[in-house]
file my_file18.txt (compact mmCIF, C-alpha atoms)
# COMPACT_ATOMS: atom_id res chain seq x y z
CA MET A 1 169.62 33.80 144.05
CA ARG A 2 171.54 33.91 140.76
CA LEU A 3 170.92 30.91 138.50
CA HIS A 4 173.72 28.68 137.28
CA VAL A 5 174.27 28.97 133.53
CA ASP A 6 172.61 25.58 132.85
CA GLN A 7 169.62 26.54 134.98
CA ARG A 8 169.42 29.86 133.19
CA HIS A 9 169.45 28.11 129.78
CA GLU A 10 166.60 25.86 130.88
CA ARG A 11 164.64 28.86 132.12
CA VAL A 12 165.17 30.65 128.79
CA LEU A 13 163.90 27.60 126.91
CA GLU A 14 160.90 27.32 129.20
CA LEU A 15 159.88 30.97 128.75
CA VAL A 16 160.36 30.96 124.97
CA ARG A 17 158.46 27.68 124.62
CA GLU A 18 155.54 29.12 126.62
CA ARG A 19 155.34 32.43 124.79
CA GLY A 20 156.62 31.59 121.32
CA SER A 21 158.89 34.62 121.07
CA LEU A 22 160.47 37.17 123.38
CA ARG A 23 162.76 40.16 123.04
CA VAL A 24 166.25 39.60 124.43
CA ALA A 25 165.98 42.70 126.62
CA GLU A 26 162.71 41.43 128.13
CA LEU A 27 164.26 38.04 128.88
CA ALA A 28 167.28 39.67 130.50
CA ALA A 29 165.08 41.80 132.74
CA GLU A 30 162.89 38.83 133.71
CA LEU A 31 165.90 36.68 134.62
CA GLY A 32 167.72 39.51 136.39
CA VAL A 33 170.87 39.32 134.27
CA SER A 34 172.59 41.78 131.97
CA ALA A 35 171.64 41.97 128.30
CA VAL A 36 175.21 40.96 127.44
CA THR A 37 174.93 37.77 129.50
CA LEU A 38 171.53 36.92 128.01
CA ARG A 39 172.80 37.44 124.45
CA ARG A 40 175.59 34.93 125.10
CA ASP A 41 173.01 32.45 126.40
CA VAL A 42 170.86 32.93 123.30
CA GLU A 43 173.86 32.53 120.98
CA THR A 44 174.73 29.25 122.70
CA LEU A 45 171.18 27.93 122.49
CA ALA A 46 170.79 29.08 118.89
CA GLY A 47 174.04 27.30 117.98
CA GLN A 48 172.52 24.12 119.39
CA GLY A 49 169.40 24.63 117.27
CA ARG A 50 167.19 24.93 120.36
CA VAL A 51 166.00 28.50 119.65
CA ARG A 52 166.13 30.97 116.76
CA ARG A 53 167.41 34.54 116.86
CA LEU A 54 165.52 37.23 114.98
CA HIS A 55 166.36 40.93 115.14
CA GLY A 56 167.04 41.17 118.87
CA ALA A 57 164.41 38.55 119.71
CA VAL A 58 164.53 34.85 120.52
CA VAL A 59 161.94 32.55 118.91
CA TRP A 60 160.94 28.93 119.52
CA PRO A 61 162.06 26.85 116.49
CA GLY A 62 159.57 25.14 114.18
CA GLY A 63 155.90 25.86 113.58
CA SER A 64 154.50 29.12 112.30
CA VAL A 65 155.72 31.46 115.01
CA LEU A 66 155.09 35.11 114.27
CA GLU A 67 158.12 37.31 114.70
CA PRO A 68 157.76 39.91 117.42
CA PRO A 69 157.60 43.54 116.38
CA VAL A 70 161.08 44.96 115.92
CA ARG A 71 161.97 47.95 118.10
CA ARG A 72 164.41 49.96 116.05
CA GLU A 73 166.88 52.34 117.59
CA PRO A 74 165.54 55.86 117.45
CA ALA A 75 166.81 57.75 114.44
CA GLU A 76 167.37 60.91 116.46
CA GLY A 77 170.08 59.49 118.73
CA PRO A 78 170.70 57.50 121.90
CA VAL A 79 168.07 56.74 124.52
CA ILE A 80 169.27 57.38 128.06
CA GLY A 81 167.48 55.95 131.09
CA MET A 82 167.56 57.96 134.31
CA ILE A 83 166.46 56.70 137.74
CA VAL A 84 165.92 59.18 140.59
CA PRO A 85 164.24 58.74 143.99
CA THR A 86 161.99 61.75 143.41
CA THR A 87 161.43 64.53 140.90
CA ALA A 88 161.11 67.07 143.70
CA SER A 89 163.80 68.92 145.64
CA ILE A 90 167.27 68.95 144.05
CA PHE A 91 166.42 66.27 141.52
CA ALA A 92 164.09 68.49 139.52
CA ASP A 93 167.01 70.59 138.29
CA ILE A 94 169.33 67.60 137.99
CA VAL A 95 166.85 65.91 135.64
CA ARG A 96 166.47 69.13 133.63
CA GLY A 97 170.23 69.42 133.22
CA ALA A 98 170.51 65.81 132.05
CA ARG A 99 167.57 66.15 129.67
CA GLU A 100 169.02 69.25 128.05
CA ALA A 101 172.41 67.60 127.55
CA VAL A 102 170.87 64.50 125.99
CA ARG A 103 168.55 66.55 123.78
CA ALA A 104 171.51 68.62 122.56
CA ARG A 105 173.05 65.39 121.22
CA GLY A 106 169.82 64.46 119.45
CA GLY A 107 168.88 61.83 122.03
CA ARG A 108 166.03 61.20 124.43
CA LEU A 109 165.97 60.95 128.23
CA VAL A 110 163.50 58.44 129.72
CA LEU A 111 162.77 58.74 133.43
CA GLY A 112 162.17 56.18 136.17
CA VAL A 113 161.27 57.12 139.78
CA SER A 114 161.97 54.83 142.75
CA GLY A 115 160.19 56.78 145.50
CA TYR A 116 163.15 56.06 147.84
CA VAL A 117 162.25 52.34 147.79
CA ASP A 118 165.51 50.43 147.43
CA THR A 119 164.05 47.42 145.61
CA GLU A 120 162.33 49.68 143.08
CA ASP A 121 165.66 50.82 141.59
CA ALA A 122 166.26 47.46 139.91
CA VAL A 123 162.65 47.27 138.72
CA GLN A 124 162.92 50.69 137.10
CA ALA A 125 166.25 49.79 135.51
CA GLY A 126 164.81 46.61 133.98
CA HIS A 127 161.85 48.54 132.59
CA LEU A 128 164.04 51.25 131.06
CA LEU A 129 166.47 48.79 129.48
CA ALA A 130 163.64 46.66 128.11
CA GLY A 131 162.26 49.82 126.54
CA GLY A 132 165.48 50.49 124.66
CA ALA A 133 167.65 52.55 127.02
CA GLN A 134 171.31 52.16 126.07
CA GLY A 135 172.81 53.56 129.26
CA LEU A 136 171.74 54.57 132.77
CA LEU A 137 172.03 57.62 134.97
CA VAL A 138 171.21 56.44 138.49
CA ALA A 139 170.68 58.07 141.88
CA PRO A 140 169.96 54.90 143.89
CA SER A 141 167.73 54.92 146.97
CA TRP A 142 170.66 54.34 149.33
CA SER A 143 169.54 55.90 152.61
CA GLY A 144 173.07 56.86 153.63
CA GLY A 145 174.17 57.82 150.12
CA VAL A 146 176.36 54.71 149.83
CA PRO A 147 175.41 51.04 149.34
CA VAL A 148 175.23 48.60 152.26
CA ASP A 149 174.53 44.87 152.45
CA GLY A 150 174.93 44.32 148.71
CA GLN A 151 172.57 47.08 147.56
CA GLU A 152 174.87 47.71 144.61
CA ARG A 153 174.64 44.21 143.09
CA TRP A 154 171.77 44.93 140.71
CA LEU A 155 173.63 47.99 139.46
CA VAL A 156 176.95 46.46 138.46
CA ASP A 157 175.53 43.55 136.45
CA ARG A 158 173.48 45.45 133.88
CA GLY A 159 175.96 45.30 131.01
CA VAL A 160 175.37 48.91 129.95
CA PRO A 161 177.33 52.11 130.68
CA THR A 162 176.16 53.54 134.00
CA VAL A 163 176.88 56.80 135.82
CA LEU A 164 176.04 57.37 139.49
CA VAL A 165 174.41 60.74 140.19
CA GLU A 166 174.74 62.37 143.64
CA ARG A 167 175.75 59.01 145.09
CA SER A 168 179.04 57.20 145.69
CA ALA A 169 180.42 53.86 146.81
CA PRO A 170 183.34 53.26 149.20
CA PRO A 171 186.67 51.92 147.92
CA GLY A 172 186.52 48.18 147.45
CA ASN A 173 182.82 48.15 146.68
CA GLN A 174 182.00 47.04 143.13
CA ALA A 175 180.04 50.21 142.46
CA ALA A 176 183.14 52.30 143.24
CA ALA A 177 184.41 51.41 139.75
CA LEU A 178 181.44 53.19 138.12
CA ASP A 179 181.64 56.73 136.78
CA ARG A 180 179.98 59.20 139.12
CA VAL A 181 179.13 62.89 139.35
CA ARG A 182 178.08 64.50 142.61
CA THR A 183 178.13 67.72 144.61
CA ASP A 184 180.97 68.16 147.10
CA ARG A 185 178.62 68.72 150.00
CA ALA A 186 181.41 68.67 152.55
CA HIS A 187 182.92 71.69 150.79
CA GLY A 188 179.55 73.45 150.84
CA ALA A 189 179.20 72.99 154.60
CA ALA A 190 182.76 74.21 155.14
CA VAL A 191 182.06 77.35 153.08
CA ALA A 192 179.04 78.07 155.31
CA VAL A 193 181.14 77.70 158.46
CA GLY A 194 183.82 79.92 156.94
CA HIS A 195 181.25 82.62 156.28
CA PHE A 196 180.10 82.51 159.89
CA ALA A 197 183.73 82.83 161.04
CA ALA A 198 184.33 85.77 158.69
CA LEU A 199 181.36 87.56 160.25
CA GLY A 200 182.85 87.06 163.72
CA HIS A 201 180.73 84.15 164.99
CA ARG A 202 182.67 81.87 167.34
CA ARG A 203 179.98 79.58 168.75
CA ILE A 204 177.86 77.83 166.14
CA THR A 205 175.75 74.73 165.66
CA ALA A 206 174.12 72.69 162.90
CA VAL A 207 170.60 71.20 162.65
CA LEU A 208 170.56 68.69 159.81
CA GLN A 209 168.35 66.12 158.13
CA GLU A 210 169.06 62.43 158.12
CA GLY A 211 169.50 61.10 154.61
CA PRO A 212 171.91 60.44 151.74
CA HIS A 213 173.77 63.74 152.09
CA ALA A 214 173.98 64.02 155.88
CA ALA A 215 177.35 62.31 156.37
CA ARG A 216 179.18 64.55 153.91
CA ILE A 217 177.63 67.74 155.29
CA ILE A 218 178.54 66.71 158.85
CA GLU A 219 182.07 65.88 157.70
CA GLY A 220 182.60 69.30 156.10
CA TYR A 221 180.99 71.14 158.99
CA GLY A 222 183.12 69.39 161.61
CA SER A 223 186.34 69.78 159.65
CA ALA A 224 185.81 73.51 159.14
CA VAL A 225 184.91 74.05 162.81
CA ARG A 226 188.19 72.41 163.86
CA SER A 227 190.28 74.18 161.22
CA LEU A 228 188.93 77.60 162.15
CA GLY A 229 189.10 77.03 165.91
CA LEU A 230 185.38 77.59 166.48
CA GLU A 231 183.18 76.14 169.22
CA ALA A 232 180.36 73.87 168.06
CA ALA A 233 177.35 73.19 170.28
CA PRO A 234 176.75 69.41 170.05
CA GLY A 235 173.59 67.37 170.49
CA ALA A 236 171.31 68.84 167.84
CA PRO A 237 168.52 66.43 166.91
CA SER A 238 167.93 65.66 163.26
CA VAL A 239 165.29 67.92 161.76
CA ARG A 240 161.84 66.34 162.24
CA GLU A 241 163.44 63.44 164.13
CA HIS A 242 160.33 63.12 166.26
CA GLY A 243 157.78 63.76 163.54
CA ASP A 244 157.71 67.51 164.12
CA TYR A 245 160.07 70.46 164.53
CA GLU A 246 159.71 70.99 168.27
CA ALA A 247 162.92 69.19 169.24
CA SER A 248 164.94 71.33 166.83
CA VAL A 249 163.30 74.56 168.00
CA ASP A 250 163.90 73.68 171.67
CA PHE A 251 167.54 72.82 170.95
CA LEU A 252 168.22 76.07 169.09
CA ALA A 253 166.46 78.21 171.69
CA ASP A 254 168.52 76.62 174.47
CA ALA A 255 171.73 76.95 172.44
CA VAL A 256 171.16 80.68 171.97
CA ARG A 257 170.02 81.48 175.50
CA ARG A 258 172.29 79.26 177.58
CA ARG A 259 175.28 78.33 175.44
CA GLY A 260 176.02 81.53 173.61
CA VAL A 261 175.42 80.15 170.11
CA THR A 262 175.01 82.93 167.54
CA ALA A 263 174.86 81.03 164.22
CA ALA A 264 173.40 77.82 162.82
CA LEU A 265 173.60 75.81 159.62
CA VAL A 266 170.23 74.21 158.78
CA HIS A 267 169.61 71.51 156.17
CA SER A 268 167.38 72.06 154.30
CA ASP A 269 166.17 75.59 153.50
CA GLU A 270 162.59 74.29 153.60
CA ASP A 271 163.19 73.26 157.20
CA ALA A 272 164.88 76.58 157.97
CA ILE A 273 161.79 78.40 156.71
CA VAL A 274 159.68 76.40 159.17
CA LEU A 275 162.07 76.99 162.08
CA VAL A 276 162.51 80.77 161.75
CA PRO A 277 158.96 81.91 162.76
CA ARG A 278 158.88 79.37 165.57
CA LEU A 279 162.12 80.76 166.94
CA GLN A 280 160.85 84.32 166.56
CA ALA A 281 157.71 83.38 168.48
CA LEU A 282 160.04 82.49 171.36
CA GLY A 283 161.74 85.88 171.11
CA ILE A 284 164.80 84.70 169.16
CA ARG A 285 165.22 86.97 166.16
CA VAL A 286 166.90 86.02 162.87
CA PRO A 287 169.48 87.35 162.19
CA ASP A 288 169.73 89.66 165.26
CA ASP A 289 170.04 86.84 167.80
CA LEU A 290 170.81 83.90 165.52
CA ALA A 291 172.35 83.97 162.04
CA LEU A 292 171.15 81.19 159.75
CA ILE A 293 172.56 79.57 156.64
CA ALA A 294 170.35 77.02 154.87
CA TYR A 295 171.54 74.16 152.69
CA ASP A 296 170.09 73.44 149.20
CA ASP A 297 168.78 76.86 148.06
CA GLU A 298 165.54 75.49 146.67
CA VAL A 299 163.21 78.08 148.21
CA ALA A 300 165.60 80.03 150.46
CA PRO A 301 165.07 83.42 148.71
CA LEU A 302 161.31 83.18 149.36
CA ALA A 303 161.55 83.13 153.16
CA ASP A 304 160.14 86.06 155.15
CA VAL A 305 163.77 86.70 156.11
CA PRO A 306 165.53 85.69 152.86
CA LEU A 307 167.98 82.97 153.75
CA THR A 308 171.67 82.86 152.95
CA ALA A 309 172.09 79.39 151.45
CA VAL A 310 174.56 76.85 150.15
CA ALA A 311 173.55 76.20 146.54
CA PRO A 312 174.58 72.88 144.97
CA PRO A 313 175.17 73.11 141.19
CA LYS A 314 172.15 70.90 140.53
CA ARG A 315 171.61 71.48 136.81
CA SER A 316 175.35 71.16 136.15
CA VAL A 317 175.43 67.79 137.96
CA GLY A 318 172.76 66.41 135.62
CA GLU A 319 174.35 67.93 132.54
CA LEU A 320 177.85 66.63 133.27
CA ALA A 321 176.60 63.15 134.22
CA ALA A 322 174.68 62.92 130.94
CA LYS A 323 177.67 64.08 128.88
CA LEU A 324 179.88 61.53 130.63
CA LEU A 325 177.42 58.75 129.83
CA LEU A 326 177.03 59.87 126.22
CA GLY A 327 180.82 59.75 125.91
CA ARG A 328 180.84 56.16 127.16
CA LEU A 329 178.21 55.21 124.58
CA ALA A 330 180.27 56.87 121.85
CA GLU A 331 183.31 54.84 122.91
CA ARG A 332 181.30 51.65 122.56
CA GLY A 333 179.93 52.67 119.19
CA ASN A 334 183.36 53.52 117.82
CA GLY A 335 185.10 50.53 119.34
CA ALA A 336 187.49 52.96 121.05
CA ARG A 337 189.56 52.07 124.07
CA PRO A 338 187.58 53.25 127.15
CA ALA A 339 188.97 56.31 128.88
CA PRO A 340 189.68 56.03 132.63
CA ARG A 341 186.60 56.05 134.84
CA GLN A 342 185.83 59.39 136.45
CA HIS A 343 184.74 60.49 139.92
CA VAL A 344 183.70 64.11 139.53
CA GLU A 345 182.76 66.47 142.35
CA LEU A 346 181.29 69.90 141.68
CA LEU A 347 181.58 72.68 144.26
CA PRO A 348 178.51 74.46 145.65
CA GLU A 349 178.41 78.23 146.07
CA LEU A 350 177.19 80.38 148.94
CA ARG A 351 174.43 82.85 148.08
CA ILE A 352 174.36 85.71 150.55
CA ARG A 353 171.02 87.08 151.75
CA ALA A 354 169.54 88.67 154.86
CA SER A 355 169.56 85.79 157.35
CA CYS A 356 173.19 86.26 158.38
CA GLY A 357 173.02 90.00 159.03
CA GLY A 358 176.27 91.93 159.34
CA GLY A 359 177.85 89.96 162.15
CA PRO A 360 177.26 88.31 165.53
CA PRO A 361 175.00 89.94 168.10
CA THR A 362 176.64 91.75 170.99
CA ARG A 363 175.88 90.09 174.30

call {"tool": "encode", "arguments": {"input": "my_file18.txt", "output": "structure tokens"}}
result
Amino acid sequence: MRLHVDQRHERVLELVRERGSLRVAELAAELGVSAVTLRRDVETLAGQGRVRRLHGAVVWPGGSVLEPPVRREPAEGPVIGMIVPTTASIFADIVRGAREAVRARGGRLVLGVSGYVDTEDAVQAGHLLAGGAQGLLVAPSWSGGVPVDGQERWLVDRGVPTVLVERSAPPGNQAAALDRVRTDRAHGAAVAVGHFAALGHRRITAVLQEGPHAARIIEGYGSAVRSLGLEAAPGAPSVREHGDYEASVDFLADAVRRRGVTAALVHSDEDAIVLVPRLQALGIRVPDDLALIAYDDEVAPLADVPLTAVAPPKRSVGELAAKLLLGRLAERGNGARPAPRQHVELLPELRIRASCGGGPPTR
């Protein structure tokens, strides 16, 4: 529960009295408020003579209190904090792209990892800001890719420029006013469906993961199926829904044998690599009986049957998000009027390999 301003002032006094001196950023993180809010509190208390301000720190008045060590801004440029749920999968390249963009401006990227634990996002943010980060790049651990039940509250009250990465918030949500950069995953799914249609496939299906990107992929897949007049076999279970791949294999085998399905979109390519030999063990050949397109293109070229894949522009997402954040910091430093907030979507590309063959099988 957020403290009233008077309660917050009393808590500040209590902490400073106990410890003698504290950095403003540390106090802000401990109280769960933005650095801007905490600085106003300290200015008020200092004006009343109840605390002293020293170089970004707050000190208990009187006595021989040693000043805390001063953390100076790095001479080489801005420090950018970045929070991601994992450094594996797509985020490895996103982090690389952001790091390169920050380094090119003479700055430093500092990383926090949440492990897909929602409450850890705010903890990581507090740690990064207390360590001197001036702005945040954040891919929150929102299971559906958008905040629910107030998950965005910690994010909008930090008092520093923030850019969402591969996440979004619906209109009306406070986090919708933040800058954001993400892949247009609906477009990527639609491109995959269009490729199937161009090869002559008329009955297709999709086997997808649950997770932050699922809704957008399903949206693009369904829209393209309708626009192109294709038939989509419904009822596919989420990949590994039951702790293994058997449900997905059984669904695909039945779709090919009994429903005339000749093509499938699978998210992710790692899952597609697992599914292909299991299907072939049942006598369903890829691409002769079933054409496959994977989504993500992390390891798709390494499959026994190299997989055609939708490739998000991962490194470009990180690079553009970092440049957008650096621009916001420059606006602050120059006292310039802020430019309009930006919602940027980058389009994936389709990388053609062997798993689609030359067209649908003849039945």

call {"tool": "closest_residue", "arguments": {"input": "my_file18.txt", "among": "A:Gln209, A:Ser223, A:Ser21, A:Thr37", "to": "Tyr295 (chain A)", "atoms": "only C-alpha atoms"}}
result
A:Gln209

call {"tool": "residues_around", "arguments": {"input": "my_file18.txt", "residues": "Ala291 (chain A)", "least_positions_apart": "5", "cutoff": "6 Å", "atoms": "all atoms listed in the file", "output": "list in words"}}
result
Ala263, Val286, Ser355 and Cys356 of chain A

call {"tool": "residues_around", "arguments": {"input": "my_file18.txt", "residues": "His267 (chain A)", "least_positions_apart": "3", "cutoff": "8 Å", "atoms": "all atoms listed in the file", "output": "ChimeraX atom specification"}}
result
/A:207-209,239,270-272,294-296

call {"tool": "closest_residue", "arguments": {"input": "my_file18.txt", "among": "A:Ala101, A:Val58, A:Val156, A:Leu15", "to": "Val33 (chain A)", "atoms": "all atoms listed in the file"}}
result
A:Val156

call {"tool": "closest_residue", "arguments": {"input": "my_file18.txt", "among": "A:Val42, A:Leu325, A:Ala354, A:Val317", "to": "Pro287 (chain A)", "atoms": "only C-alpha atoms"}}
result
A:Ala354

call {"tool": "residues_around", "arguments": {"input": "my_file18.txt", "residues": "Gln280 (chain A)", "least_positions_apart": "6", "cutoff": "12 Å", "atoms": "only C-alpha atoms", "output": "MDAnalysis selection string"}}
result
chainID A and resid 249 252:253 273:274 286:290 304:305

call {"tool": "write_last_selection", "arguments": {"input": "my_file18.txt", "atoms": "C-alpha atoms", "output": "short mmCIF file (atom, residue, chain, number, x, y, z; two decimals), in the coordinates of the input"}}
result
data_model
loop_
_atom_site.label_atom_id
_atom_site.label_comp_id
_atom_site.auth_asym_id
_atom_site.auth_seq_id
_atom_site.Cartn_x
_atom_site.Cartn_y
_atom_site.Cartn_z
CA VAL A 249 163.30 74.56 168.00
CA LEU A 252 168.22 76.07 169.09
CA ALA A 253 166.46 78.21 171.69
CA ILE A 273 161.79 78.40 156.71
CA VAL A 274 159.68 76.40 159.17
CA VAL A 286 166.90 86.02 162.87
CA PRO A 287 169.48 87.35 162.19
CA ASP A 288 169.73 89.66 165.26
CA ASP A 289 170.04 86.84 167.80
CA LEU A 290 170.81 83.90 165.52
CA ASP A 304 160.14 86.06 155.15
CA VAL A 305 163.77 86.70 156.11
#

call {"tool": "residues_around", "arguments": {"input": "my_file18.txt", "residues": "Asp269 (chain A)", "least_positions_apart": "4", "cutoff": "10 Å", "atoms": "only C-alpha atoms", "output": "mmCIF file with C-alpha atoms, in the frame of the given file"}}
result
data_model
loop_
_atom_site.group_PDB
_atom_site.id
_atom_site.type_symbol
_atom_site.label_atom_id
_atom_site.label_comp_id
_atom_site.auth_asym_id
_atom_site.auth_seq_id
_atom_site.Cartn_x
_atom_site.Cartn_y
_atom_site.Cartn_z
ATOM 1 C CA LEU A 265 173.600 75.810 159.620
ATOM 2 C CA ILE A 273 161.790 78.400 156.710
ATOM 3 C CA VAL A 274 159.680 76.400 159.170
ATOM 4 C CA LEU A 275 162.070 76.990 162.080
ATOM 5 C CA LEU A 292 171.150 81.190 159.750
ATOM 6 C CA ILE A 293 172.560 79.570 156.640
ATOM 7 C CA ALA A 294 170.350 77.020 154.870
ATOM 8 C CA TYR A 295 171.540 74.160 152.690
ATOM 9 C CA ASP A 296 170.090 73.440 149.200
ATOM 10 C CA ASP A 297 168.780 76.860 148.060
ATOM 11 C CA GLU A 298 165.540 75.490 146.670
ATOM 12 C CA VAL A 299 163.210 78.080 148.210
ATOM 13 C CA ALA A 300 165.600 80.030 150.460
ATOM 14 C CA PRO A 301 165.070 83.420 148.710
ATOM 15 C CA LEU A 302 161.310 83.180 149.360
ATOM 16 C CA ALA A 303 161.550 83.130 153.160
ATOM 17 C CA LEU A 307 167.980 82.970 153.750
ATOM 18 C CA THR A 308 171.670 82.860 152.950
ATOM 19 C CA ALA A 309 172.090 79.390 151.450
ATOM 20 C CA VAL A 310 174.560 76.850 150.150
#
